Amino acid sequence: MSQTQTTLQRLADVVTRQDELLAKIIESQTMLQQHVVEGKANHHKEVRVEGLSMPKYRGKMDESISLYIHKVTTFFKAKNIDPQADNETQQRCMAMMVANFCGLVASWYQDRLRDKGSPPSTLVELEKELRAEFEPDDLQDRLRDELYNLRQSACADVMEYVAIFRRICTQLCDMTERDKISWFQR
């Protein structure tokens, strides 16, 4: 065998090994892409959480819409549901919320559907309509009055006072931490 033939044979062997290596690289990339896609699919999979149920809303005067929305948002996070992921998910989340409306809110929603003919198109629209219907225009004034009239002596113990104080403060807008401390200490 001449030197040229030997060199050509070596080159052919190198090309064969490169082809084999390229095939392995492509196979590895394909497997990695499948793994990433499966991981994303599992990442967005709804989770069943033992003992957790969708919050109910009745529309009573002493119920906070903000607290209800916070509970609903927390519920969806715990279940690994992103209500804003797509329109289908958003509609499913609204259906879950509506299914847990009770009393006044359930009646209002039925009337709303009859009058408008279709449900709200987004969760933001539903929240806006709930606030318009069930949150009094003077809510902030009422909360400030309630805070002004709150006295520790009227509560069974300090824990009850703290609980009532926190409930009021979480609903108040534009109240600084300094204001909260001042109101708490008076």
# chains A, B, ... in the order shown; residues from 1 in each chain; ligands from 1

$ select_by_dssp --residues "segment 93-171 of chain A" --states "helix (DSSP H, G or I)" --output "ChimeraX atom specification"
/A:93-99,103-116,123-134,139-149,152-154,158-171

$ residues_around --residues "segment 96-101 of chain A" --least-positions-apart "3" --cutoff "9 Å" --atoms "only C-alpha atoms" --output "list in words"
Met54, Pro55, Lys56, Tyr57, Arg58, Gly59, Val72, Gln91, Arg92, Cys93, Leu104, Val105, Ala106, Ser107 and Tyr109 of chain A

$ closest_atom_pairs --of "segment 19-79 of chain A" --to "segment 151-173 of chain A" --cutoff "10 Å" --atoms "only C-alpha atoms" --output "JSON lines"
{"residue": "A:Ser64", "atom": "CA", "partner": "A:Gln171", "partner_atom": "CA", "distance": 7.5}
{"residue": "A:Ile65", "atom": "CA", "partner": "A:Gln171", "partner_atom": "CA", "distance": 9.1}
{"residue": "A:Ser66", "atom": "CA", "partner": "A:Gln171", "partner_atom": "CA", "distance": 7.0}
{"residue": "A:Leu67", "atom": "CA", "partner": "A:Gln171", "partner_atom": "CA", "distance": 8.0}

$ residues_around --residues "Lys79 of chain A" --least-positions-apart "5" --cutoff "12 Å" --atoms "only C-alpha atoms" --output "VMD selection string"
chain A and resid 43 to 54 72 to 74 93

$ atom_distance --atom1 "atom CA of Gln90 of chain A" --atom2 "atom CA of Glu129 of chain A"
16.2 Å

$ closest_residue --among "A:Cys102, A:Ala95, A:Met61, A:Ile69" --to "Glu133 of chain A" --atoms "only C-alpha atoms"
A:Met61

$ closest_residue --among "A:Ile25, A:Thr89, A:Phe76, A:Trp183" --to "Glu146 of chain A" --atoms "only C-alpha atoms"
A:Trp183
